[in-house]
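Participant: Enclosed is the structure file input.txt (compact mmCIF, C-alpha atoms).
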```txt
# COMPACT_ATOMS: atom_id res chain seq x y z
CA MET A 73 -34.97 15.82 7.73
CA ASP A 74 -35.15 12.11 8.43
CA HIS A 75 -31.77 10.41 8.69
CA ALA A 76 -32.72 7.63 6.27
CA LYS A 77 -33.83 10.10 3.60
CA PHE A 78 -30.69 12.16 4.10
CA ALA A 79 -28.47 9.06 3.81
CA LEU A 80 -30.27 7.97 0.64
CA ARG A 81 -29.98 11.43 -0.92
CA LEU A 82 -26.30 11.58 0.02
CA LEU A 83 -25.70 8.14 -1.50
CA VAL A 84 -27.44 9.09 -4.75
CA ALA A 85 -25.59 12.42 -4.92
CA LEU A 86 -22.21 10.78 -4.34
CA PHE A 87 -22.98 8.15 -6.97
CA PHE A 88 -23.84 10.75 -9.62
CA ILE A 89 -20.87 12.94 -8.71
CA THR A 90 -18.56 9.94 -9.06
CA LEU A 91 -20.19 8.84 -12.32
CA THR A 92 -19.91 12.34 -13.75
CA GLY A 93 -16.26 12.53 -12.70
CA PHE A 94 -15.45 9.24 -14.40
CA TRP A 95 -17.24 10.29 -17.61
CA LEU A 96 -15.45 13.63 -17.68
CA GLU A 97 -12.10 11.92 -17.14
CA ALA A 98 -12.83 9.40 -19.91
CA ALA A 99 -13.89 12.18 -22.29
CA TRP A 100 -10.75 14.18 -21.48
CA ASP A 101 -8.54 11.13 -22.00
CA PHE A 102 -10.19 10.35 -25.32
CA ALA A 103 -9.91 13.98 -26.47
CA HIS A 104 -6.16 13.85 -25.81
CA ALA A 105 -5.55 10.34 -27.17
CA VAL A 106 -2.79 10.03 -29.75
CA ASP A 107 -2.11 7.07 -32.02
CA PRO A 108 1.40 5.88 -31.11
CA ALA A 109 2.11 4.67 -34.65
CA THR A 110 1.20 7.85 -36.52
CA GLY A 111 1.28 10.55 -33.83
CA GLU A 112 -2.14 11.85 -34.94
CA ALA A 113 -5.20 12.35 -32.78
CA VAL A 114 -7.44 9.30 -32.49
CA ARG A 115 -10.96 9.58 -33.91
CA LEU A 116 -13.91 7.54 -32.71
CA SER A 117 -14.32 5.95 -36.15
CA GLN A 118 -10.76 4.61 -35.97
CA LEU A 119 -11.34 2.52 -32.87
CA ARG A 120 -11.42 -1.23 -33.52
CA ALA A 121 -11.56 -4.14 -31.10
CA THR A 122 -10.21 -7.59 -31.77
CA PRO A 123 -11.35 -10.67 -29.83
CA ALA A 124 -8.01 -10.70 -28.00
CA MET A 125 -8.48 -7.07 -26.90
CA VAL A 126 -12.01 -7.79 -25.68
CA ARG A 127 -10.79 -10.89 -23.84
CA ASN A 128 -8.08 -8.85 -22.10
CA LEU A 129 -10.56 -6.13 -21.16
CA ALA A 130 -13.07 -8.65 -19.80
CA SER A 131 -10.31 -10.32 -17.80
CA SER A 132 -9.25 -6.99 -16.30
CA PHE A 133 -12.81 -6.05 -15.40
CA SER A 134 -13.44 -9.47 -13.92
CA GLY A 135 -10.35 -9.24 -11.74
CA ALA A 136 -11.24 -5.75 -10.55
CA TYR A 137 -14.83 -6.76 -9.88
CA SER A 138 -13.73 -9.82 -7.91
CA THR A 139 -11.46 -7.59 -5.82
CA LEU A 140 -14.32 -5.20 -5.13
CA ILE A 141 -16.56 -8.03 -3.99
CA ALA A 142 -13.80 -9.41 -1.78
CA LEU A 143 -13.31 -5.98 -0.18
CA LEU A 144 -17.03 -5.54 0.35
CA LEU A 145 -17.50 -8.94 1.93
CA THR A 146 -14.39 -8.52 4.09
CA PHE A 147 -15.63 -5.18 5.35
CA ILE A 148 -19.04 -6.61 6.14
CA SER A 149 -17.64 -9.71 7.81
CA LEU A 150 -15.40 -7.56 10.05
CA ALA A 151 -17.60 -4.56 10.73
CA ILE A 152 -20.79 -6.30 11.69
CA PRO A 153 -19.41 -8.68 14.36
CA ILE A 154 -17.27 -5.92 15.89
CA THR A 155 -20.20 -3.53 16.20
CA ALA A 156 -22.54 -6.33 17.23
CA ASN A 157 -20.25 -7.24 20.12
CA LEU A 158 -20.13 -3.62 21.23
CA TYR A 159 -23.83 -2.90 20.92
CA THR A 160 -26.26 -5.76 20.37
CA PRO A 161 -26.63 -8.94 18.29
CA LYS A 162 -29.80 -7.41 16.87
CA LEU A 163 -27.56 -5.21 14.67
CA ILE A 164 -26.89 -8.09 12.27
CA GLU A 165 -30.64 -8.58 11.79
CA ILE A 166 -31.09 -4.87 11.12
CA PHE A 167 -28.26 -4.91 8.58
CA ILE A 168 -29.64 -7.91 6.72
CA ARG A 169 -33.22 -6.58 6.67
CA ASP A 170 -32.21 -3.17 5.30
CA ARG A 171 -33.32 -2.87 1.67
CA ILE A 172 -30.35 -0.77 0.56
CA ASN A 173 -27.83 -3.26 1.95
CA LEU A 174 -29.66 -6.16 0.31
CA PHE A 175 -29.82 -4.26 -2.98
CA VAL A 176 -26.07 -3.56 -2.97
CA LEU A 177 -25.15 -7.13 -2.05
CA CYS A 178 -27.50 -8.66 -4.62
CA THR A 179 -26.34 -6.23 -7.33
CA GLU A 180 -22.71 -7.13 -6.64
CA ASP A 181 -23.52 -10.85 -6.80
CA VAL A 182 -25.54 -10.61 -10.01
CA GLY A 183 -22.90 -8.37 -11.57
CA SER A 184 -20.17 -10.83 -10.65
CA ILE A 185 -22.09 -13.70 -12.21
CA ALA A 186 -22.74 -11.65 -15.35
CA ARG A 187 -19.06 -10.70 -15.64
CA GLN A 188 -17.98 -14.30 -15.27
CA ALA A 189 -20.49 -15.37 -17.92
CA ASP A 190 -19.34 -12.59 -20.27
CA GLU A 191 -15.73 -13.58 -19.76
CA GLN A 192 -16.58 -17.19 -20.60
CA VAL A 193 -18.41 -16.14 -23.78
CA VAL A 194 -15.54 -13.89 -24.84
CA ALA A 195 -13.00 -16.63 -24.09
CA ASP A 196 -14.84 -18.85 -26.58
CA LEU A 197 -14.26 -16.35 -29.42
```
Translate the structure described by the file into structure tokens.
Facilitator:
Amino acid sequence: MDHAKFALRLLVALFFITLTGFWLEAAWDFAHAVDPATGEAVRLSQLRATPAMVRNLASSFSGAYSTLIALLLTFISLAIPITANLYTPKLIEIFIRDRINLFVLCTEDVGSIARQADEQVVADL
């Protein structure tokens, strides 16, 4: 099997395993959620969101997303020059021309911009 195809299949498999794990954890948490005021189980129809709650959630997501982007860019800015000094300066060109790397970087940038815009809209509520 070609290494690129294997890496892509592994990436997709890990993504779906992680996504499934998060969904199962969220479903388990919701199934065991208890209203602190009444002590009864929470139903989906009872969930309500106020503008302040949405603003807090958007702020939390924005902070986490900004941290993820900072980690990603730090890793790239450290890993590429170190490996390029050990092997060849051509490695940076290969990294930048790779479609998967460009897709991940562009998705992170667009997602960050969208989160900031959403946070600004929610802050205006």
Participant: Quick one: of A:Ala109, A:Val84, A:Ala151, A:Leu143, who's nearest to Glu180 of chain A, counting all atoms listed in the file?
Facilitator: A:Leu143
Participant: Please report the interatomic distance between atom CA of Ala105 of chain A and atom CA of Leu140 of chain A in Å with one decimal.
Facilitator: 28.4 Å
Participant: Any idea what's packed within 12 Å of Asp101 of chain A, counting only C-alpha atoms, ignoring anything in its chain fewer than 5 positions away? Could you give it as a PyMOL selection string?
Facilitator: chain A and resi 94-96+106+113-114
Participant: Interatomic distance between atom CA of Gly93 of chain A and atom CA of Arg81 of chain A?
Facilitator: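 Calculated distance between atom CA of Gly93 of chain A and atom CA of Arg81 of chain A is 18.1 Å.
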Participant: Can you tell me how far atom CA of Arg115 of chain A sits from atom CA of Phe102 of chain A, in Å to one decimal?
Facilitator: 8.7 Å
